[in-house]
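Q: What follows is final02.cif, made up of mmCIF, C-alpha atoms and all ligand atoms:
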data_coords
loop_
_atom_site.label_atom_id
_atom_site.label_comp_id
_atom_site.auth_asym_id
_atom_site.auth_seq_id
_atom_site.Cartn_x
_atom_site.Cartn_y
_atom_site.Cartn_z
CA MET R 97 10.47 2.32 -23.84
CA LYS R 98 7.93 -0.34 -22.90
CA ARG R 99 7.33 -0.35 -19.15
CA THR R 100 6.36 -3.47 -17.26
CA GLU R 101 2.78 -3.13 -16.10
CA THR R 102 2.26 -3.50 -12.36
CA ASN R 103 -0.67 -3.02 -10.01
CA LYS R 104 -1.63 0.60 -9.43
CA ILE R 105 -1.22 1.69 -5.82
CA LYS R 106 -2.43 5.02 -4.45
CA VAL R 107 -0.05 6.96 -2.23
CA GLY R 108 -1.70 10.22 -1.22
CA ASN R 109 -2.52 11.99 -4.48
CA LEU R 110 -0.06 9.87 -6.49
CA THR R 111 -0.28 6.54 -8.23
CA ILE R 112 2.69 4.19 -8.09
CA GLY R 113 2.69 1.46 -10.70
CA GLY R 114 0.61 0.75 -13.76
CA THR R 115 2.83 2.03 -16.49
CA ASN R 116 3.05 5.43 -14.86
CA THR R 117 6.04 7.71 -14.65
CA VAL R 118 8.88 6.41 -12.50
CA LEU R 119 8.51 8.35 -9.26
CA ILE R 120 11.46 9.88 -7.44
CA GLN R 121 11.92 9.61 -3.72
CA SER R 122 14.45 10.05 -0.96
CA MET R 123 14.56 9.85 2.81
CA CYS R 124 14.92 12.75 5.22
CA ASN R 125 18.03 12.72 7.39
CA ILE R 126 16.58 14.92 10.14
CA LYS R 127 14.70 13.62 13.17
CA THR R 128 11.02 13.70 12.23
CA SER R 129 9.94 15.44 15.43
CA LYS R 130 12.04 18.50 14.42
CA VAL R 131 9.04 19.73 12.48
CA SER R 132 10.22 23.03 10.98
CA GLU R 133 13.60 21.63 9.90
CA ILE R 134 12.14 18.54 8.32
CA CYS R 135 9.41 20.52 6.52
CA GLU R 136 12.10 22.73 5.03
CA GLN R 137 14.01 19.68 3.82
CA ILE R 138 10.91 18.01 2.36
CA ASN R 139 9.88 21.18 0.55
CA ASP R 140 13.38 21.73 -0.82
CA CYS R 141 13.41 18.14 -2.10
CA ALA R 142 9.97 18.68 -3.65
CA ARG R 143 11.24 21.82 -5.43
CA LEU R 144 14.09 19.71 -6.78
CA GLY R 145 11.70 17.05 -8.08
CA ALA R 146 10.96 14.60 -5.25
CA ASP R 147 7.54 13.02 -5.79
CA LEU R 148 7.39 11.58 -2.28
CA MET R 149 9.60 11.48 0.81
CA ARG R 150 10.22 8.94 3.55
CA VAL R 151 10.68 9.90 7.18
CA SER R 152 11.93 7.79 10.11
CA ILE R 153 9.49 6.98 12.87
CA VAL R 154 11.76 6.17 15.76
CA ASP R 155 9.48 7.12 18.66
CA LYS R 156 6.04 8.44 19.55
CA GLU R 157 7.10 12.09 19.04
CA ASP R 158 8.07 11.32 15.42
CA ALA R 159 4.73 9.63 14.72
CA LEU R 160 2.76 12.50 16.28
CA ALA R 161 4.80 15.08 14.36
CA LEU R 162 3.43 13.76 11.06
CA LYS R 163 0.15 15.57 11.64
CA GLU R 164 1.83 18.98 11.76
CA ILE R 165 4.32 18.18 8.97
CA LYS R 166 1.47 17.23 6.63
CA LYS R 167 0.04 20.74 6.99
CA HIS R 168 3.20 22.29 5.56
CA VAL R 169 4.18 19.95 2.73
CA SER R 170 2.38 18.99 -0.45
CA ILE R 171 3.97 15.66 -1.38
CA PRO R 172 3.03 12.28 0.14
CA LEU R 173 5.00 10.97 3.09
CA ILE R 174 6.11 7.44 3.84
CA ALA R 175 6.58 6.53 7.48
CA ASP R 176 9.53 4.21 8.01
CA ILE R 177 8.82 1.79 10.86
CA HIS R 178 11.08 -0.99 11.99
CA PHE R 179 9.47 -3.31 14.50
CA ASP R 180 6.98 -1.47 16.68
CA TYR R 181 3.42 -1.93 15.42
CA ARG R 182 2.20 0.78 17.81
CA LEU R 183 4.33 3.34 15.98
CA ALA R 184 2.85 2.13 12.69
CA LEU R 185 -0.67 2.62 14.05
CA LEU R 186 0.21 6.09 15.36
CA ALA R 187 1.86 7.10 12.07
CA ILE R 188 -1.24 6.01 10.12
CA GLU R 189 -3.49 7.87 12.54
CA ASN R 190 -1.41 11.01 12.09
CA GLY R 191 -1.51 11.09 8.31
CA ALA R 192 1.20 8.83 6.83
CA ASP R 193 0.35 8.14 3.18
CA LYS R 194 2.30 4.90 3.09
CA ILE R 195 4.26 2.93 5.63
CA ARG R 196 7.44 0.98 5.14
CA ILE R 197 7.36 -2.03 7.38
CA ASN R 198 8.07 -5.73 7.03
CA PRO R 199 5.06 -7.65 8.35
CA GLY R 200 7.14 -10.63 9.45
CA ASN R 201 9.15 -8.39 11.78
CA ILE R 202 6.19 -6.96 13.70
CA GLY R 203 5.54 -10.02 15.85
CA SER R 204 2.23 -11.77 16.45
CA ILE R 205 -0.47 -12.15 13.82
CA ASP R 206 -2.77 -10.01 15.96
CA LYS R 207 -0.33 -7.06 15.80
CA ILE R 208 0.08 -7.42 12.04
CA GLN R 209 -3.70 -7.62 11.63
CA GLN R 210 -4.12 -4.36 13.56
CA VAL R 211 -1.66 -2.58 11.25
CA VAL R 212 -3.28 -4.04 8.12
CA ASP R 213 -6.76 -3.06 9.34
CA ALA R 214 -5.58 0.50 10.04
CA CYS R 215 -4.00 0.71 6.56
CA LYS R 216 -7.19 -0.54 4.92
CA LYS R 217 -9.32 1.95 6.85
CA ALA R 218 -7.08 4.92 6.04
CA ASN R 219 -6.22 3.86 2.44
CA VAL R 220 -2.56 3.65 3.34
CA SER R 221 -0.29 1.40 1.29
CA ILE R 222 2.59 -0.68 2.61
CA ARG R 223 6.10 -0.94 1.24
CA ILE R 224 7.72 -4.20 2.13
CA GLY R 225 11.41 -3.37 2.11
CA ILE R 226 13.64 -6.43 1.78
CA ASN R 227 17.23 -5.61 2.58
CA SER R 228 20.18 -7.98 2.15
CA GLY R 229 21.55 -6.95 5.54
CA SER R 230 18.48 -7.95 7.55
CA LEU R 231 17.23 -11.30 6.21
CA ASP R 232 15.88 -13.58 8.91
CA LYS R 233 17.14 -17.06 9.83
CA GLU R 234 14.24 -18.79 8.07
CA ILE R 235 15.49 -17.33 4.79
CA ILE R 236 19.27 -17.52 5.07
CA LYS R 237 21.65 -19.70 7.09
CA GLU R 238 24.41 -18.22 9.22
CA GLY R 239 27.45 -17.37 7.03
CA GLU R 240 25.65 -17.99 3.73
CA LYS R 241 26.18 -15.43 0.95
CA VAL R 242 23.05 -13.43 0.08
CA THR R 243 21.70 -14.16 -3.41
CA HIS R 244 18.76 -12.86 -5.37
CA ILE R 245 16.85 -16.03 -4.46
CA HIS R 246 17.08 -15.16 -0.75
CA LEU R 247 15.82 -11.64 -1.43
CA VAL R 248 12.83 -12.84 -3.46
CA ASN R 249 12.02 -15.64 -0.99
CA SER R 250 12.03 -13.10 1.82
CA ALA R 251 9.66 -10.87 -0.18
CA LYS R 252 7.34 -13.85 -0.78
CA LYS R 253 7.24 -14.58 2.93
CA HIS R 254 6.32 -11.04 3.96
CA VAL R 255 3.87 -10.55 1.09
CA LYS R 256 2.02 -13.78 1.91
CA ILE R 257 1.37 -12.66 5.49
CA ILE R 258 -0.61 -9.61 4.44
CA GLU R 259 -2.10 -11.11 1.27
CA ASP R 260 -3.65 -13.73 3.54
CA MET R 261 -5.31 -10.83 5.37
CA GLY R 262 -6.75 -9.57 2.08
CA PHE R 263 -4.31 -6.69 1.74
CA THR R 264 -2.76 -5.98 -1.67
CA ASP R 265 -1.83 -2.27 -1.69
CA ILE R 266 1.79 -3.33 -1.65
CA VAL R 267 5.01 -1.86 -3.05
CA LEU R 268 8.13 -4.01 -2.93
CA SER R 269 11.82 -3.29 -2.70
CA LEU R 270 14.60 -5.88 -2.70
CA LYS R 271 17.76 -3.97 -1.99
CA GLY R 272 21.14 -5.57 -1.86
CA SER R 273 24.54 -3.92 -1.82
CA ASP R 274 25.77 -6.32 -4.51
CA VAL R 275 24.85 -4.82 -7.86
CA LYS R 276 24.50 -8.06 -9.86
CA GLU R 277 22.45 -9.87 -7.20
CA THR R 278 20.18 -6.86 -6.80
CA ILE R 279 19.56 -6.69 -10.56
CA ALA R 280 18.79 -10.43 -10.58
CA ALA R 281 16.46 -10.02 -7.59
CA TYR R 282 14.42 -7.28 -9.25
CA ARG R 283 14.24 -9.21 -12.52
CA LEU R 284 12.93 -12.25 -10.68
CA ALA R 285 10.57 -10.15 -8.56
CA SER R 286 9.18 -8.54 -11.69
CA LYS R 287 8.26 -12.02 -12.99
CA THR R 288 7.00 -13.22 -9.59
CA PHE R 289 4.83 -10.31 -8.40
CA LYS R 290 2.43 -7.82 -9.96
CA TYR R 291 3.22 -5.28 -7.25
CA PRO R 292 5.03 -2.03 -8.11
CA LEU R 293 8.76 -2.16 -7.50
CA HIS R 294 10.79 0.43 -5.64
CA LEU R 295 14.33 0.23 -6.99
CA GLY R 296 17.50 0.94 -5.05
CA ILE R 297 20.92 -0.30 -4.06
CA THR R 298 21.41 -0.30 -0.33
CA GLU R 299 24.48 1.08 1.48
CA ALA R 300 25.68 2.40 -1.87
CA GLY R 301 28.27 4.67 -0.25
CA THR R 302 29.37 8.27 -0.55
CA LYS R 303 28.37 10.28 -3.59
CA GLU R 304 31.51 9.43 -5.59
CA VAL R 305 31.01 5.65 -5.35
CA GLY R 306 27.30 5.48 -4.55
CA VAL R 307 26.22 7.21 -7.75
CA ILE R 308 28.24 4.76 -9.87
CA ARG R 309 27.01 1.72 -7.94
CA SER R 310 23.38 2.85 -8.04
CA VAL R 311 23.46 3.77 -11.72
CA ALA R 312 25.14 0.43 -12.51
CA GLY R 313 22.34 -1.38 -10.67
CA LEU R 314 19.30 0.66 -11.64
CA SER R 315 19.97 1.51 -15.30
CA PRO R 316 19.69 -2.05 -16.70
CA LEU R 317 16.40 -2.51 -14.86
CA LEU R 318 14.92 0.82 -15.90
CA LEU R 319 15.97 0.22 -19.51
CA GLU R 320 14.16 -3.14 -19.39
CA GLY R 321 11.02 -1.34 -18.18
CA ILE R 322 11.33 -2.56 -14.59
CA GLY R 323 10.81 -0.15 -11.69
CA ASP R 324 8.00 2.15 -10.61
CA THR R 325 9.81 4.36 -8.12
CA ILE R 326 13.49 4.87 -7.31
CA ARG R 327 15.73 6.01 -4.54
CA ILE R 328 19.46 6.53 -4.95
CA SER R 329 20.82 5.91 -1.43
CA LEU R 330 23.90 8.01 -0.79
CA THR R 331 25.90 8.97 2.25
CA ASP R 332 24.86 12.52 1.46
CA SER R 333 21.81 14.78 1.70
CA PRO R 334 18.40 13.79 0.32
CA GLN R 335 18.65 16.79 -2.00
CA GLU R 336 21.71 15.20 -3.63
CA GLU R 337 19.84 11.90 -3.94
CA ILE R 338 16.95 13.62 -5.73
CA LYS R 339 19.31 15.35 -8.16
CA VAL R 340 20.95 12.03 -9.04
CA CYS R 341 17.57 10.31 -9.50
CA LYS R 342 16.50 13.04 -11.90
CA ARG R 343 19.74 12.94 -13.86
CA LEU R 344 19.59 9.17 -14.18
CA LEU R 345 15.97 9.13 -15.35
CA HIS R 346 16.65 12.05 -17.70
CA ASP R 347 19.67 10.44 -19.30
CA ILE R 348 17.78 7.25 -20.10
CA GLY R 349 14.78 9.10 -21.48
CA LEU R 350 12.37 8.73 -18.56
CA TYR R 351 12.36 12.38 -17.45
CA PRO R 352 12.11 14.38 -20.66
CA ASN R 353 11.22 17.92 -19.64
CA TYR R 354 14.42 18.67 -17.88
CA PRO R 355 17.62 20.56 -18.74
CA THR R 356 20.76 18.88 -20.02
CA LEU R 357 24.21 20.18 -19.15
CA ILE R 358 27.17 19.34 -21.31
CA SER R 359 30.68 20.46 -20.52
CA CYS R 360 33.99 19.60 -22.12
CA PRO R 361 36.58 17.48 -20.31
CA THR R 362 39.15 20.33 -20.73
CA CYS R 363 42.56 19.87 -22.34
CA GLY R 364 45.82 21.71 -22.92
CA ARG R 365 43.95 24.47 -24.79
CA THR R 366 41.81 25.37 -21.77
CA GLU R 367 42.49 28.80 -20.27
CA VAL R 368 39.41 29.23 -18.08
CA ASP R 369 37.95 27.49 -15.03
CA VAL R 370 35.44 25.26 -16.85
CA LYS R 371 34.76 23.15 -13.75
CA LYS R 372 33.76 26.16 -11.66
CA VAL R 373 31.43 27.64 -14.26
CA ALA R 374 29.92 24.23 -15.17
CA SER R 375 29.19 23.60 -11.48
CA GLN R 376 27.49 27.00 -11.15
CA VAL R 377 25.41 26.31 -14.25
CA LEU R 378 24.45 22.84 -13.00
CA GLU R 379 23.31 24.27 -9.66
CA LEU R 380 21.10 26.72 -11.55
CA LEU R 381 19.71 24.04 -13.86
CA GLU R 382 18.74 21.71 -11.01
CA TYR R 383 15.87 24.06 -10.16
CA THR R 384 14.96 24.77 -13.81
CA ASN R 385 12.22 22.56 -15.18
CA LYS R 386 12.85 23.40 -18.82
CA LYS R 387 13.90 21.27 -21.72
CA ILE R 388 17.10 23.10 -22.64
CA THR R 389 20.64 21.94 -23.44
CA VAL R 390 23.35 24.19 -22.02
CA ALA R 391 27.06 23.85 -22.78
CA VAL R 392 30.14 25.06 -20.92
CA MET R 393 33.23 24.60 -23.07
CA GLY R 394 36.88 25.31 -22.49
CA CYS R 395 37.92 27.12 -25.68
CA PRO R 396 36.21 29.35 -28.24
CA VAL R 397 37.87 27.64 -31.22
CA ASN R 398 36.47 24.14 -30.81
CA GLY R 399 33.86 24.68 -28.09
CA PRO R 400 30.90 26.13 -30.07
CA GLY R 401 31.33 23.55 -32.83
CA GLU R 402 31.73 20.58 -30.47
CA ALA R 403 28.58 21.70 -28.63
CA LYS R 404 26.54 22.80 -31.63
CA HIS R 405 23.56 20.72 -30.49
CA ALA R 406 23.34 22.88 -27.35
CA ASP R 407 20.62 25.53 -27.30
CA ILE R 408 22.97 27.90 -25.58
CA GLY R 409 26.49 27.81 -24.27
CA LEU R 410 29.63 29.53 -23.11
CA ALA R 411 33.12 28.85 -24.39
CA GLY R 412 36.03 30.42 -22.54
CA GLY R 413 39.20 32.07 -23.85
CA LYS R 414 41.71 34.36 -22.14
CA MET R 415 39.65 36.41 -19.62
CA LYS R 416 36.71 36.35 -22.06
CA TRP R 417 33.89 33.96 -22.80
CA VAL R 418 31.90 33.72 -26.00
CA LEU R 419 28.18 33.12 -25.84
CA PHE R 420 26.86 30.82 -28.55
CA LYS R 421 23.51 29.44 -29.67
CA LYS R 422 23.30 26.25 -31.75
CA GLY R 423 27.01 26.57 -32.54
CA HIS R 424 26.90 30.24 -33.62
CA VAL R 425 28.77 32.81 -31.57
CA ILE R 426 26.46 35.71 -30.71
CA ASP R 427 28.50 37.73 -28.20
CA THR R 428 31.82 38.08 -26.36
CA ILE R 429 31.62 38.72 -22.60
CA ASP R 430 34.10 39.61 -19.84
CA GLU R 431 34.86 36.64 -17.59
CA LYS R 432 33.23 38.30 -14.53
CA ASP R 433 29.90 38.76 -16.35
CA ALA R 434 29.75 35.44 -18.19
CA PHE R 435 27.67 33.41 -15.73
CA THR R 436 25.14 36.22 -15.11
CA ARG R 437 24.62 36.64 -18.84
CA LEU R 438 24.15 32.92 -19.39
CA LYS R 439 21.70 32.81 -16.47
CA LYS R 440 19.58 35.54 -18.09
CA GLU R 441 19.58 33.66 -21.39
CA ILE R 442 18.51 30.43 -19.67
CA GLU R 443 15.74 32.23 -17.79
CA SER R 444 14.33 33.77 -20.97
CA PHE R 445 14.66 30.57 -23.04
CA LYS R 446 11.30 29.25 -24.26
FE1 LIG R 501 39.81 21.17 -25.29
FE2 LIG R 501 38.36 23.14 -26.35
FE3 LIG R 501 37.52 20.62 -26.62
FE4 LIG R 501 37.42 21.78 -24.24
S1 LIG R 501 36.31 22.40 -26.07
S2 LIG R 501 38.22 19.74 -24.67
S3 LIG R 501 39.22 23.09 -24.27
S4 LIG R 501 39.39 21.51 -27.47
#
Turn this file's structure into structure tokens for me.
Ligand code: SF4
A:
Amino acid sequence: MKRTETNKIKVGNLTIGGTNTVLIQSMCNIKTSKVSEICEQINDCARLGADLMRVSIVDKEDALALKEIKKHVSIPLIADIHFDYRLALLAIENGADKIRINPGNIGSIDKIQQVVDACKKANVSIRIGINSGSLDKEIIKEGEKVTHIHLVNSAKKHVKIIEDMGFTDIVLSLKGSDVKETIAAYRLASKTFKYPLHLGITEAGTKEVGVIRSVAGLSPLLLEGIGDTIRISLTDSPQEEIKVCKRLLHDIGLYPNYPTLISCPTCGRTEVDVKKVASQVLELLEYTNKKITVAVMGCPVNGPGEAKHADIGLAGGKMKWVLFKKGHVIDTIDEKDAFTRLKKEIESFK
């Protein structure tokens, strides 16, 4: 897949943009000053595949906490600042690798200049995060429906402010909650700017609806080669967001060395709890960075054949499961031992 080339931006030890790998990120949902809890969450997300994590900087304590957090985590951190330039300065001073702030919302040019100067000095990049819910009056009139043009115009406005100060280590996001407008906004942004794009759908909802909405919005863009980093925003934990990011990238061929789970939809022939076993297997695979296809099928008659492209799989009959490899049954196992046996096979798979 040909990826759209964008400017390369350093974020800690990572590069966003160029034609690099699409990076995965999420946002912590714990107050940043709760250092041990947030470190645990960041490290768990990193184990699951997060390349970088964003944290909220709501007050001075949060900004100061970054220094200690950085000692215990190995992935870059983005400090999310809303309006207070002093918090941005403090976050940069305490080790933020990137800040998310919209220059036009900080206030006077002098305040913006201070933040830009601090970023330049510390090699910290800035994500300008345009969001359909917070466009200013210069961009959209009261009661007007948000379109992709508004989102891109807002990005232009914020970008210009810091470009005029000679700052170009910029990543852009243009998140709307309307899927079609968001796709159009990113397509237009990709033609308008050379800056790396952070893709996402905002306020996507709970996992059940948010995954569908995000995949509907992000897949067309990623398949067109647009997007340098992604977040799937869900009303759920960051760990769940990371898992969905990985699955999405994997399924469209942008995250190759990763396991694939297939499971049958079940039917009137099913006599085992396919859903339960498939969920257990998925949980195991989320932490397995191996290129392996694993199947969980509901009957031993059709299952191994239907999943013959799987490297390994289980197909369940009455109280028994058969273990198969590439469609060939190699063993029959009691129901209680089936998952443990499959786990061992996955662990020893090379
Ligand atoms: Fe039905 Fe068996 Fe196919 Fe599952 S594998 S859908 S149980 S026929």
Q: Out of R:Leu318, R:Cys141, R:Val220, R:Met261, which residue has the shortest atom-to-atom distance to Ile208 in chain R when counting all atoms listed in the file?
A: R:Met261
Q: Around ligand LIG 501 (chain R), which protein and nucleic acid residues have at least one atom no more than 8 Å from it, if we count only C-alpha atoms and all ligand atoms? List them as JSON, numbers by chain.
A: {"R": [359, 360, 361, 362, 363, 364, 365, 366, 367, 393, 394, 395, 396, 397, 398, 399, 400, 402, 411]}
Q: Residues near Lys104 in chain R, anyone? I mean within 6 Å using only C-alpha atoms, not counting same-chain ones fewer than 5 positions away, as a list in words.
A: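 That gives Ile112, Gly113 and Gly114 of chain R.
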Q: Counting only C-alpha atoms, give me one row per residue of range 270-342 of chain R with an atom at most 12 Å from an atom of range 120-130 of chain R, showing the shortest contact pair and its distance in Å to one decimal, sorted by chain then residue number, as CSV.
A:
residue,atom,partner,partner_atom,distance
R:His294,CA,R:Gln121,CA,9.4
R:Leu295,CA,R:Ile120,CA,10.1
R:Gly296,CA,R:Gln121,CA,10.4
R:Gly323,CA,R:Ile120,CA,10.9
R:Asp324,CA,R:Ile120,CA,9.0
R:Thr325,CA,R:Ile120,CA,5.8
R:Ile326,CA,R:Ile120,CA,5.4
R:Arg327,CA,R:Gln121,CA,5.3
R:Ile328,CA,R:Ser122,CA,7.3
R:Ser329,CA,R:Ser122,CA,7.6
R:Leu330,CA,R:Ser122,CA,9.7
R:Thr331,CA,R:Asn125,CA,10.1
R:Asp332,CA,R:Asn125,CA,9.0
R:Ser333,CA,R:Asn125,CA,7.1
R:Pro334,CA,R:Ser122,CA,5.6
R:Gln335,CA,R:Ser122,CA,8.0
R:Glu336,CA,R:Ser122,CA,9.3
R:Glu337,CA,R:Ser122,CA,6.4
R:Ile338,CA,R:Ser122,CA,6.5
R:Lys339,CA,R:Ile120,CA,9.6
R:Val340,CA,R:Ile120,CA,9.9
R:Cys341,CA,R:Ile120,CA,6.5
R:Lys342,CA,R:Ile120,CA,7.4
Q: What's around Thr264 in chain R at 12 Å? Count all atoms listed in the file, leave out sequence neighbours fewer than 4 positions away in its own chain, and write the answer as a PyMOL selection string.
A: chain R and resi 103-106+212+215-216+219-224+254-260+268+289-292
Q: Return the single residue from R:Phe263, R:Tyr282, R:Tyr383, R:Trp417 that is closest to Ala146 in chain R, with distances computed using only C-alpha atoms.
A: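 For Ala146 in chain R, the nearest of the candidates is R:Tyr383.
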Q: Between R:Asp369, R:Glu234, R:Glu379, R:Asp158, which one has atoms that come closest to Thr356 in chain R, using only C-alpha atoms?
A: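 The shortest atom-to-atom distance to Thr356 in chain R comes from R:Glu379.
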Q: Which distance in Å separates CA of Gly301 in chain R and CA of Lys371 in chain R, to one decimal?
A: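 Between CA of Gly301 in chain R and CA of Lys371 in chain R the gap works out to 23.8 Å.
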Q: Return the single residue from R:Val267, R:Gly145, R:Val154, R:His405 that is closest to Asn353 in chain R, with distances computed using all atoms listed in the file.
A: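 Comparing R:Val267, R:Gly145, R:Val154, R:His405 against Asn353 in chain R, the winner is R:Gly145.
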Q: Just to confirm, what's the straight-line distance from CA of Asp213 in chain R to CA of Phe179 in chain R in Å (one decimal)?
A: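 Taking CA of Asp213 in chain R and CA of Phe179 in chain R, their separation equals 17.0 Å.
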Q: What does the distance from CA of Asn190 in chain R to CA of Lys163 in chain R come to in Å, to one decimal?
A: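 So the answer is 4.8 Å.
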Q: Put the listed atoms of range 104-114 of chain R in a box along x, y and z with 6 Å added on every side and give me the centre and edge lengths in Å to one decimal, as lines of an AutoDock Vina configuration file.
A:
center_x = 0.1
center_y = 6.3
center_z = -7.5
size_x = 17.2
size_y = 23.4
size_z = 24.5
Q: For a quick check of your reading of the model, name the residues lying within 9 Å of the coordinate (30.8, 39.6, -23.5), counting all atoms listed in the file, and write them as a list in words.
A: Lys416, Trp417, Val418, Leu419, Asp427, Thr428, Ile429, Asp430, Glu431, Asp433, Ala434 and Arg437 of chain R
Q: Return the single residue from R:Ala281, R:Ala184, R:Gln376, R:Ile174 that is closest to Thr436 in chain R, with distances computed using all atoms listed in the file.
A: R:Gln376
